[in-house]
$ cat model_35.pdb   # PDB, C-alpha atoms
ATOM      1  CA  MET A   1     131.488 155.188 150.941
ATOM      2  CA  THR A   2     128.412 153.016 151.543
ATOM      3  CA  PRO A   3     128.862 150.500 154.373
ATOM      4  CA  VAL A   4     128.377 146.816 153.615
ATOM      5  CA  ARG A   5     124.799 146.213 154.712
ATOM      6  CA  THR A   6     124.005 142.899 156.337
ATOM      7  CA  GLN A   7     121.730 141.877 159.141
ATOM      8  CA  PRO A   8     123.354 142.333 162.544
ATOM      9  CA  ARG A   9     124.560 139.273 164.432
ATOM     10  CA  GLN A  10     123.997 136.765 161.664
ATOM     11  CA  PRO A  11     124.820 133.272 162.773
ATOM     12  CA  ASP A  12     128.396 132.527 161.774
ATOM     13  CA  GLY A  13     129.289 130.250 164.628
ATOM     14  CA  THR A  14     130.783 132.978 166.813
ATOM     15  CA  GLY A  15     128.085 135.623 167.151
ATOM     16  CA  LEU A  16     130.800 138.257 166.732
ATOM     17  CA  THR A  17     130.483 141.368 164.593
ATOM     18  CA  ALA A  18     133.078 143.505 162.825
ATOM     19  CA  LEU A  19     132.929 145.862 165.814
ATOM     20  CA  ASP A  20     134.067 143.024 168.089
ATOM     21  CA  ALA A  21     137.051 142.071 165.911
ATOM     22  CA  MET A  22     138.305 145.389 164.525
ATOM     23  CA  ALA A  23     141.606 147.027 165.393
ATOM     24  CA  PRO A  24     141.936 150.745 166.202
ATOM     25  CA  PRO A  25     141.738 152.893 163.053
ATOM     26  CA  GLY A  26     145.355 154.039 163.149
ATOM     27  CA  PRO A  27     146.503 157.111 161.257
ATOM     28  CA  GLN A  28     143.836 159.023 159.370
ATOM     29  CA  VAL A  29     144.629 161.663 156.778
ATOM     30  CA  GLY A  30     142.604 164.067 154.671
ATOM     31  CA  ASP A  31     141.909 163.290 151.029
ATOM     32  CA  ASP A  32     143.548 166.614 150.145
ATOM     33  CA  MET A  33     146.963 165.419 151.404
ATOM     34  CA  VAL A  34     149.616 165.016 148.704
ATOM     35  CA  VAL A  35     150.873 161.504 147.976
ATOM     36  CA  ASP A  36     154.473 162.196 149.107
ATOM     37  CA  ILE A  37     153.383 163.419 152.535
ATOM     38  CA  ALA A  38     150.921 160.548 152.946
ATOM     39  CA  LEU A  39     153.733 158.097 152.167
ATOM     40  CA  SER A  40     155.932 159.813 154.761
ATOM     41  CA  VAL A  41     153.142 159.559 157.359
ATOM     42  CA  LEU A  42     152.619 155.887 156.554
ATOM     43  CA  ILE A  43     156.339 155.076 156.808
ATOM     44  CA  SER A  44     156.903 157.050 160.003
ATOM     45  CA  ALA A  45     153.843 155.463 161.645
ATOM     46  CA  ARG A  46     155.109 152.007 160.597
ATOM     47  CA  VAL A  47     151.712 150.923 159.313
ATOM     48  CA  GLU A  48     150.572 149.193 156.147
ATOM     49  CA  HIS A  49     147.677 151.531 155.327
ATOM     50  CA  LEU A  50     146.138 154.916 156.059
ATOM     51  CA  LEU A  51     142.467 155.725 156.370
ATOM     52  CA  VAL A  52     141.476 158.614 154.134
ATOM     53  CA  GLN A  53     138.864 161.140 155.299
ATOM     54  CA  ASP A  54     136.788 163.566 153.273
ATOM     55  CA  GLU A  55     136.373 167.233 154.228
ATOM     56  CA  ASP A  56     133.640 166.280 156.740
ATOM     57  CA  GLY A  57     135.824 163.722 158.535
ATOM     58  CA  ARG A  58     133.951 160.720 157.121
ATOM     59  CA  CYS A  59     135.906 157.748 155.886
ATOM     60  CA  SER A  60     136.385 158.028 152.131
ATOM     61  CA  GLY A  61     138.903 155.252 151.605
ATOM     62  CA  LEU A  62     141.889 153.225 152.587
ATOM     63  CA  VAL A  63     145.264 153.571 150.884
ATOM     64  CA  THR A  64     148.194 151.178 151.180
ATOM     65  CA  ARG A  65     151.941 151.612 150.927
ATOM     66  CA  ASP A  66     151.912 149.624 147.672
ATOM     67  CA  GLN A  67     149.334 151.971 146.128
ATOM     68  CA  LEU A  68     151.289 155.069 147.139
ATOM     69  CA  THR A  69     154.647 153.789 145.914
ATOM     70  CA  ALA A  70     153.110 152.516 142.665
ATOM     71  CA  HIS A  71     151.654 155.943 142.003
ATOM     72  CA  ARG A  72     154.969 157.686 142.705
ATOM     73  CA  GLY A  73     156.715 155.346 140.258
ATOM     74  CA  GLY A  74     154.329 156.020 137.374
ATOM     75  CA  SER A  75     154.957 158.320 134.439
ATOM     76  CA  TRP A  76     151.864 160.304 135.480
ATOM     77  CA  TYR A  77     153.418 161.188 138.858
ATOM     78  CA  CYS A  78     153.183 164.811 139.961
ATOM     79  CA  GLU A  79     154.432 166.171 143.293
ATOM     80  CA  GLN A  80     151.086 167.851 143.919
ATOM     81  CA  THR A  81     148.851 164.818 143.336
ATOM     82  CA  ARG A  82     146.305 164.489 146.139
ATOM     83  CA  LEU A  83     145.069 161.243 147.665
ATOM     84  CA  ARG A  84     141.578 161.886 146.295
ATOM     85  CA  ASP A  85     143.085 161.726 142.782
ATOM     86  CA  ILE A  86     144.710 158.291 142.980
ATOM     87  CA  VAL A  87     143.273 154.794 142.846
ATOM     88  CA  HIS A  88     142.563 153.307 146.285
ATOM     89  CA  ASP A  89     139.807 151.371 148.039
ATOM     90  CA  ARG A  90     136.767 153.648 148.241
ATOM     91  CA  GLY A  91     134.290 151.103 149.550
ATOM     92  CA  PRO A  92     131.866 149.719 150.198
ATOM     93  CA  PHE A  93     133.135 149.681 153.757
ATOM     94  CA  THR A  94     132.262 147.299 156.560
ATOM     95  CA  SER A  95     129.397 148.253 158.854
ATOM     96  CA  SER A  96     130.126 147.817 162.537
ATOM     97  CA  ALA A  97     127.061 145.538 162.785
ATOM     98  CA  THR A  98     128.192 143.150 160.026
ATOM     99  CA  SER A  99     128.690 139.589 161.257
ATOM    100  CA  LEU A 100     132.317 138.576 161.408
ATOM    101  CA  GLY A 101     131.734 135.717 158.977
ATOM    102  CA  SER A 102     130.115 138.017 156.411
ATOM    103  CA  ALA A 103     132.842 140.652 156.795
ATOM    104  CA  ASP A 104     135.566 138.034 156.382
ATOM    105  CA  GLY A 105     133.853 136.700 153.267
ATOM    106  CA  ALA A 106     133.531 140.187 151.775
ATOM    107  CA  LEU A 107     137.238 140.914 152.364
ATOM    108  CA  ARG A 108     138.218 137.656 150.686
ATOM    109  CA  ASP A 109     135.784 138.106 147.778
ATOM    110  CA  ARG A 110     137.107 141.606 147.081
ATOM    111  CA  MET A 111     140.704 140.429 147.631
ATOM    112  CA  LEU A 112     141.346 143.097 150.259
ATOM    113  CA  GLY A 113     143.702 142.762 153.174
ATOM    114  CA  ALA A 114     141.804 145.312 155.258
ATOM    115  CA  SER A 115     138.611 147.356 155.299
ATOM    116  CA  PRO A 116     137.536 150.353 157.356
ATOM    117  CA  VAL A 117     134.761 149.639 159.851
ATOM    118  CA  VAL A 118     132.355 152.569 159.850
ATOM    119  CA  ASP A 119     129.352 153.678 161.867
ATOM    120  CA  GLU A 120     125.953 154.481 160.347
ATOM    121  CA  ASN A 121     127.175 157.991 159.463
ATOM    122  CA  GLY A 122     130.318 156.872 157.651
ATOM    123  CA  TYR A 123     132.865 157.739 160.353
ATOM    124  CA  ALA A 124     135.713 155.251 160.838
ATOM    125  CA  LEU A 125     135.594 153.258 164.049
ATOM    126  CA  GLY A 126     138.455 150.908 163.242
ATOM    127  CA  VAL A 127     139.917 148.551 160.666
ATOM    128  CA  LEU A 128     139.121 144.920 160.038
ATOM    129  CA  ALA A 129     142.088 143.027 158.583
ATOM    130  CA  LEU A 130     142.530 139.471 157.417
ATOM    131  CA  ALA A 131     144.892 137.431 159.576
ATOM    132  CA  ARG A 132     148.260 136.914 157.930
TER     133      ARG A 132
END
$ encode --input "model_35.pdb" --output "structure tokens"
Amino acid sequence: MTPVRTQPRQPDGTGLTALDAMAPPGPQVGDDMVVDIALSVLISARVEHLLVQDEDGRCSGLVTRDQLTAHRGGSWYCEQTRLRDIVHDRGPFTSSATSLGSADGALRDRMLGASPVVDENGYALGVLALAR
């Protein structure tokens, strides 16, 4: 849950930060939600991922459709499995002050399609996604 820490406004040719380039956070769900309901929320919202919040409302992860469907297809599947109990991206997340070049590099290095952008207290402000 620790944000990626870099110096704000590092020279990357654009002067933009993750805050400048992020998209709205989209649907956010609690980490106590069961996998089946989270998958239903994701499908009905027509999005590729959900932001997961802990009991205090702070961002605790990002879960994708692929992760949810893979879990449901496993032999370990249980109808009462909660999001907090499955494998998904739990950070580090992107700080809103991270330069866009650094954030892009971190997403590519970690082979992620998207990362939550969080404030200094860990609350989601938006999502930074690689261009398709």
$ atom_distance --input "model_35.pdb" --atom1 "CA of Ala114 in chain A" --atom2 "CA of Arg72 in chain A"
22.0 Å
$ resolve_selection --input "model_35.pdb" --expression "the PyMOL selection byres ((chain A and resi 59-65) around 6)" --output "list in words"
Met1, Glu48, His49, Leu50, Leu51, Val52, Gln53, Asp54, Arg58, Asp66, Gln67, Leu68, His88, Asp89, Arg90, Gly122, Tyr123 and Ala124 of chain A
$ write_last_selection --input "model_35.pdb" --atoms "C-alpha atoms" --output "PDB file, in the coordinates of the input"
ATOM      1  CA  MET A   1     131.488 155.188 150.941  1.00  0.00           C
ATOM      2  CA  GLU A  48     150.572 149.193 156.147  1.00  0.00           C
ATOM      3  CA  HIS A  49     147.677 151.531 155.327  1.00  0.00           C
ATOM      4  CA  LEU A  50     146.138 154.916 156.059  1.00  0.00           C
ATOM      5  CA  LEU A  51     142.467 155.725 156.370  1.00  0.00           C
ATOM      6  CA  VAL A  52     141.476 158.614 154.134  1.00  0.00           C
ATOM      7  CA  GLN A  53     138.864 161.140 155.299  1.00  0.00           C
ATOM      8  CA  ASP A  54     136.788 163.566 153.273  1.00  0.00           C
ATOM      9  CA  ARG A  58     133.951 160.720 157.121  1.00  0.00           C
ATOM     10  CA  ASP A  66     151.912 149.624 147.672  1.00  0.00           C
ATOM     11  CA  GLN A  67     149.334 151.971 146.128  1.00  0.00           C
ATOM     12  CA  LEU A  68     151.289 155.069 147.139  1.00  0.00           C
ATOM     13  CA  HIS A  88     142.563 153.307 146.285  1.00  0.00           C
ATOM     14  CA  ASP A  89     139.807 151.371 148.039  1.00  0.00           C
ATOM     15  CA  ARG A  90     136.767 153.648 148.241  1.00  0.00           C
ATOM     16  CA  GLY A 122     130.318 156.872 157.651  1.00  0.00           C
ATOM     17  CA  TYR A 123     132.865 157.739 160.353  1.00  0.00           C
ATOM     18  CA  ALA A 124     135.713 155.251 160.838  1.00  0.00           C
TER      19      ALA A 124
END
$ residues_around --input "model_35.pdb" --residues "Glu55 in chain A" --least-positions-apart "5" --cutoff "10 Å" --atoms "all atoms listed in the file" --output "list in words"
Gly30, Asp31, Asp32 and Ser60 of chain A
$ write_last_selection --input "model_35.pdb" --atoms "C-alpha atoms" --output "PDB file, keeping the file's coordinate frame"
ATOM      1  CA  GLY A  30     142.604 164.067 154.671  1.00  0.00           C
ATOM      2  CA  ASP A  31     141.909 163.290 151.029  1.00  0.00           C
ATOM      3  CA  ASP A  32     143.548 166.614 150.145  1.00  0.00           C
ATOM      4  CA  SER A  60     136.385 158.028 152.131  1.00  0.00           C
TER       5      SER A  60
END
$ closest_residue --input "model_35.pdb" --among "A:Val127, A:Asp36, A:Ser95, A:Asp104" --to "Cys78 in chain A" --atoms "all atoms listed in the file"
A:Asp36
$ closest_residue --input "model_35.pdb" --among "A:Glu79, A:Gly91, A:Asn121, A:Pro116" --to "Pro27 in chain A" --atoms "all atoms listed in the file"
A:Pro116
$ closest_residue --input "model_35.pdb" --among "A:Val41, A:Ala23, A:Val35, A:Leu128" --to "Gly105 in chain A" --atoms "only C-alpha atoms"
A:Leu128
$ atom_distance --input "model_35.pdb" --atom1 "CA of Ala106 in chain A" --atom2 "CA of Ala131 in chain A"
14.1 Å
$ atom_distance --input "model_35.pdb" --atom1 "CA of Gly57 in chain A" --atom2 "CA of Ala129 in chain A"
21.6 Å
